[in-house]
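Inspection log for the structure reproduced underneath, given as structure tokens.
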Amino acid sequence: MSERVLIAGCGNVGNALATRLLAEGCEVWGVRRNISALAEGIQPWRVDLTDPASLRSPPTPFDYVFYTASADRRDESSYRAIYVDGLRDLLQTLEAAGSPLKRVFFTSSTAVYGQQSGEWVDEQSATEPARFNGHILLEAEAIVRASGSGVVVRLSGIYGPGRTRLIEKVWNEEAEATQSWTNRIHVEDCGAVLYHLMRIEAPADVYIGSDDEPTTTAETVTWMSKQLGVATPAAVAATRANKRCHNTLLRSTGYRFIYSSFREGYTPIIEDFLRNRP
Ligand SMILES: NC(=O)c1ccc[n+]([C@@H]2O[C@H](COP(=O)([O-])OP(=O)(O)OC[C@H]3O[C@@H](n4cnc5c(N)ncnc54)[C@H](OP(=O)(O)O)[C@@H]3O)[C@@H](O)[C@H]2O)c1
């Protein structure tokens, strides 16, 4: 029998993951409110994860769950509703319905790290976030860990086709070349990392999911300005020196990034932007 996989909050990352699972013959179900936006081949389960009443009666038992939902708004109550309450309610519902869950994956964020001086961080580093989002994600991670079969993937800044905010800023010559460190992962790599970890015999309980090359904003936007043929952004002192994310643990499992740095990932996006620019 094919494996039954639930992707709860099946948006950009979920759809990228689903493509791989479907190609392998898995039965893939996607939870979201707007089920018309699920990629082809995903079976819909229309649920509002923040409304326990709508969670009743899962359509089938599931072998794997990926919780990849994101908050509608950047405030504490929205974060808590989706990352803590929604996650806990879904897992309880599936357990009560007798789902034989082999593993539960949760896409957390590198926002759980509070380091702000350009330090390198890895899975063992202290998690002392300065802001509410990091604290709530740590609560969600604890729920996943308590499930006994949880794997947390702390993703850095996701980019990919359609996410052109930074490109537009550089194009409009509004970007600033600050020396702050940034960490990124292409949406296709997000899907591929989750798929890869699902196929690992004994995964660790937490991984950082970030590409091979943390870069400063200055380096990123200067490179983009050259690709776009616009003025080099003005250099600005680091206002918010950030952190650099190690992906050594993930790489030690054999994962190799499709887009190992922002250059490989952004090149086709910029080409597309230039072809279709206003
Ligand atoms: N964006 C980043 O840079 C970043 C960085 C680190 C980690 N992450 C995490 O990575 C994960 C995947 O991100 P993504 O880019 O794939 O996000 P996305 O495209 O926004 O997908 C998330 C999906 O969650 C669904 N959703 C939201 N609220 C829901 C609710 N109440 N009930 C049911 N479904 C709901 C949305 O669909 P509907 O609106 O149709 O319900 C949406 O399709 C998220 O967990 C996010 O927190 C993101």
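By convention in this document, the chains of the structure tokens carry letters A, B, ... by their order, each chain's residues are numbered from 1, and ligands are numbered from 1 in the order they are shown.
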Using only C-alpha atoms, which residues of segment 44-118 of chain A come within 12 Å of segment 236-248 of chain A, and what is the closest atom pair for each, with the distance in Å to one decimal? Give it as JSON lines, sorted by chain and residue number.
{"residue": "A:Ser109", "atom": "CA", "partner": "A:Cys245", "partner_atom": "CA", "distance": 11.2}
{"residue": "A:Thr110", "atom": "CA", "partner": "A:Cys245", "partner_atom": "CA", "distance": 8.0}
{"residue": "A:Ala111", "atom": "CA", "partner": "A:Lys243", "partner_atom": "CA", "distance": 10.0}
{"residue": "A:Val112", "atom": "CA", "partner": "A:Lys243", "partner_atom": "CA", "distance": 11.4}
{"residue": "A:Tyr113", "atom": "CA", "partner": "A:Lys243", "partner_atom": "CA", "distance": 8.2}
{"residue": "A:Gly114", "atom": "CA", "partner": "A:Lys243", "partner_atom": "CA", "distance": 8.4}
{"residue": "A:Gln115", "atom": "CA", "partner": "A:Lys243", "partner_atom": "CA", "distance": 5.9}
{"residue": "A:Gln116", "atom": "CA", "partner": "A:Asn242", "partner_atom": "CA", "distance": 4.3}
{"residue": "A:Ser117", "atom": "CA", "partner": "A:Ala241", "partner_atom": "CA", "distance": 5.1}
{"residue": "A:Gly118", "atom": "CA", "partner": "A:Lys243", "partner_atom": "CA", "distance": 4.2}
Next, the residues of the selection above should be written as a tab-separated table (two decimals), in the first residue's frame with C-alpha atoms.
chain	number	residue	atom	x	y	z
A	109	SER	CA	12.52	28.98	11.59
A	110	THR	CA	16.03	30.19	12.28
A	111	ALA	CA	14.22	33.03	14.11
A	112	VAL	CA	14.55	30.80	17.20
A	113	TYR	CA	18.17	32.01	17.41
A	114	GLY	CA	18.65	35.36	19.07
A	115	GLN	CA	22.31	35.78	18.12
A	116	GLN	CA	22.91	39.19	16.59
A	117	SER	CA	26.64	39.65	16.16
A	118	GLY	CA	27.31	37.61	13.06
Write out as a PyMOL selection string all residues of segment 48-255 of chain A that DSSP puts in strand (DSSP E) for this structure's backbone. chain A and resi 64-67+103-109+120-121+150-155+157-159+176-178+181-182+184-186+206-209+215-216+234-236+244-245
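Shortest separation to Phe273 of chain A among A:Ser77, A:Thr164, A:Gln179, A:Asn172 occurs at residue A:Thr164, atoms counted being only C-alpha atoms.
Distances from A:Tyr207, A:Val193, A:Thr182, A:Arg103 to Glu119 of chain A were compared using only C-alpha atoms, and the smallest one belongs to A:Thr182.
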Counting only C-alpha atoms, which of A:Asp63, A:Glu139, A:Asp51, A:Glu95 gets nearest to Leu6 of chain A?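 Closest residue, counting only C-alpha atoms: A:Asp63.
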Hey, which residues sit close to ligand 1? Say within 8 Å, counting only C-alpha atoms and all ligand atoms, and write them as a PyMOL selection string. chain A and resi 8-15+31-35+37+46-51+67-72+81-83+86+106-111+154-159+184+187
The selected residues should be written to file as a short mmCIF file (atom, residue, chain, number, x, y, z; two decimals), in the first residue's frame (atoms: N, CA and C atoms).
data_model
loop_
_atom_site.label_atom_id
_atom_site.label_comp_id
_atom_site.auth_asym_id
_atom_site.auth_seq_id
_atom_site.Cartn_x
_atom_site.Cartn_y
_atom_site.Cartn_z
N ALA A 8 0.03 19.72 6.16
CA ALA A 8 -0.91 20.65 6.80
C ALA A 8 -0.38 22.07 6.66
N GLY A 9 -1.14 22.89 5.91
CA GLY A 9 -0.66 24.21 5.53
C GLY A 9 0.15 24.04 4.25
N CYS A 10 -0.55 23.54 3.24
CA CYS A 10 0.16 23.13 2.02
C CYS A 10 0.25 24.30 1.04
N GLY A 11 1.25 25.15 1.24
CA GLY A 11 1.45 26.31 0.37
C GLY A 11 2.65 26.08 -0.53
N ASN A 12 3.54 27.05 -0.58
CA ASN A 12 4.69 26.96 -1.50
C ASN A 12 5.59 25.77 -1.18
N VAL A 13 5.97 25.67 0.08
CA VAL A 13 6.86 24.55 0.48
C VAL A 13 6.12 23.23 0.36
N GLY A 14 4.88 23.20 0.84
CA GLY A 14 4.09 21.97 0.78
C GLY A 14 3.92 21.48 -0.64
N ASN A 15 3.62 22.39 -1.55
CA ASN A 15 3.45 21.98 -2.95
C ASN A 15 4.76 21.45 -3.53
N VAL A 31 -3.83 20.08 3.49
CA VAL A 31 -4.76 20.91 4.27
C VAL A 31 -4.48 22.37 3.97
N ARG A 32 -5.50 23.08 3.64
CA ARG A 32 -5.48 24.54 3.63
C ARG A 32 -6.92 25.03 3.52
N ARG A 33 -7.13 26.34 3.65
CA ARG A 33 -8.50 26.85 3.53
C ARG A 33 -8.87 26.99 2.05
N ASN A 34 -7.93 27.48 1.26
CA ASN A 34 -8.18 27.64 -0.18
C ASN A 34 -7.65 26.41 -0.93
N ILE A 35 -8.47 25.37 -0.98
CA ILE A 35 -7.96 24.11 -1.55
C ILE A 35 -7.76 24.19 -3.06
N ALA A 37 -5.89 26.10 -4.47
CA ALA A 37 -4.48 26.42 -4.73
C ALA A 37 -3.54 25.23 -4.46
N ARG A 46 -10.17 20.28 3.31
CA ARG A 46 -10.38 21.70 3.62
C ARG A 46 -10.58 21.87 5.12
N VAL A 47 -9.63 22.51 5.75
CA VAL A 47 -9.67 22.69 7.21
C VAL A 47 -9.11 24.07 7.53
N ASP A 48 -9.72 24.71 8.55
CA ASP A 48 -9.08 25.89 9.14
C ASP A 48 -8.39 25.39 10.39
N LEU A 49 -7.07 25.36 10.34
CA LEU A 49 -6.31 24.76 11.45
C LEU A 49 -6.51 25.51 12.76
N THR A 50 -7.01 26.73 12.68
CA THR A 50 -7.23 27.50 13.92
C THR A 50 -8.64 27.29 14.47
N ASP A 51 -9.41 26.43 13.81
CA ASP A 51 -10.78 26.15 14.24
C ASP A 51 -10.92 24.65 14.51
N TYR A 67 3.92 19.62 8.97
CA TYR A 67 3.17 20.81 9.37
C TYR A 67 3.91 22.02 8.85
N THR A 68 3.40 22.57 7.73
CA THR A 68 4.09 23.67 7.05
C THR A 68 3.19 24.90 6.92
N ALA A 69 2.26 25.03 7.86
CA ALA A 69 1.35 26.19 7.82
C ALA A 69 2.10 27.45 8.25
N SER A 70 1.62 28.59 7.78
CA SER A 70 2.24 29.85 8.22
C SER A 70 1.16 30.78 8.76
N ALA A 71 1.59 31.72 9.59
CA ALA A 71 0.64 32.65 10.22
C ALA A 71 0.13 33.66 9.21
N ASP A 72 -1.14 34.04 9.35
CA ASP A 72 -1.72 35.06 8.47
C ASP A 72 -1.13 36.44 8.76
N ALA A 81 -2.03 30.88 17.44
CA ALA A 81 -3.18 30.12 16.91
C ALA A 81 -2.72 29.06 15.91
N ILE A 82 -1.80 29.42 15.03
CA ILE A 82 -1.45 28.45 13.98
C ILE A 82 -0.30 27.53 14.39
N TYR A 83 0.75 28.09 15.01
CA TYR A 83 1.94 27.27 15.27
C TYR A 83 1.81 26.42 16.53
N GLY A 86 -2.98 25.20 16.64
CA GLY A 86 -3.35 24.45 15.43
C GLY A 86 -2.56 23.15 15.32
N PHE A 106 8.02 19.40 11.27
CA PHE A 106 7.54 20.77 11.49
C PHE A 106 8.56 21.75 10.93
N THR A 107 8.08 22.67 10.10
CA THR A 107 8.99 23.69 9.56
C THR A 107 9.01 24.87 10.52
N SER A 108 10.04 24.89 11.35
CA SER A 108 10.27 26.02 12.25
C SER A 108 11.12 27.05 11.49
N SER A 109 11.78 27.89 12.23
CA SER A 109 12.52 28.98 11.59
C SER A 109 13.81 29.26 12.34
N THR A 110 14.78 29.80 11.62
CA THR A 110 16.03 30.19 12.28
C THR A 110 15.79 31.43 13.17
N ALA A 111 14.57 31.93 13.18
CA ALA A 111 14.22 33.03 14.11
C ALA A 111 14.28 32.57 15.57
N ARG A 154 14.52 23.88 10.94
CA ARG A 154 14.54 25.33 11.12
C ARG A 154 14.98 25.97 9.81
N LEU A 155 14.00 26.46 9.06
CA LEU A 155 14.30 27.05 7.75
C LEU A 155 14.75 28.49 7.92
N SER A 156 15.66 28.91 7.02
CA SER A 156 16.02 30.34 7.00
C SER A 156 15.10 31.05 6.01
N GLY A 157 15.47 32.20 5.50
CA GLY A 157 14.57 32.99 4.64
C GLY A 157 14.28 32.27 3.32
N ILE A 158 13.01 31.98 3.09
CA ILE A 158 12.64 31.24 1.88
C ILE A 158 12.51 32.22 0.71
N TYR A 159 13.09 31.85 -0.43
CA TYR A 159 12.89 32.64 -1.64
C TYR A 159 12.62 31.68 -2.79
N ARG A 184 19.56 32.04 3.60
CA ARG A 184 18.43 31.78 2.69
C ARG A 184 18.33 30.32 2.32
N VAL A 187 12.87 27.68 -2.26
CA VAL A 187 11.65 26.89 -1.94
C VAL A 187 11.77 25.45 -2.45
#
Nearest residue to Tyr255 of chain A out of A:Asp85, A:Asp211, A:Glu27, A:Asp75, using only C-alpha atoms? A:Asp211
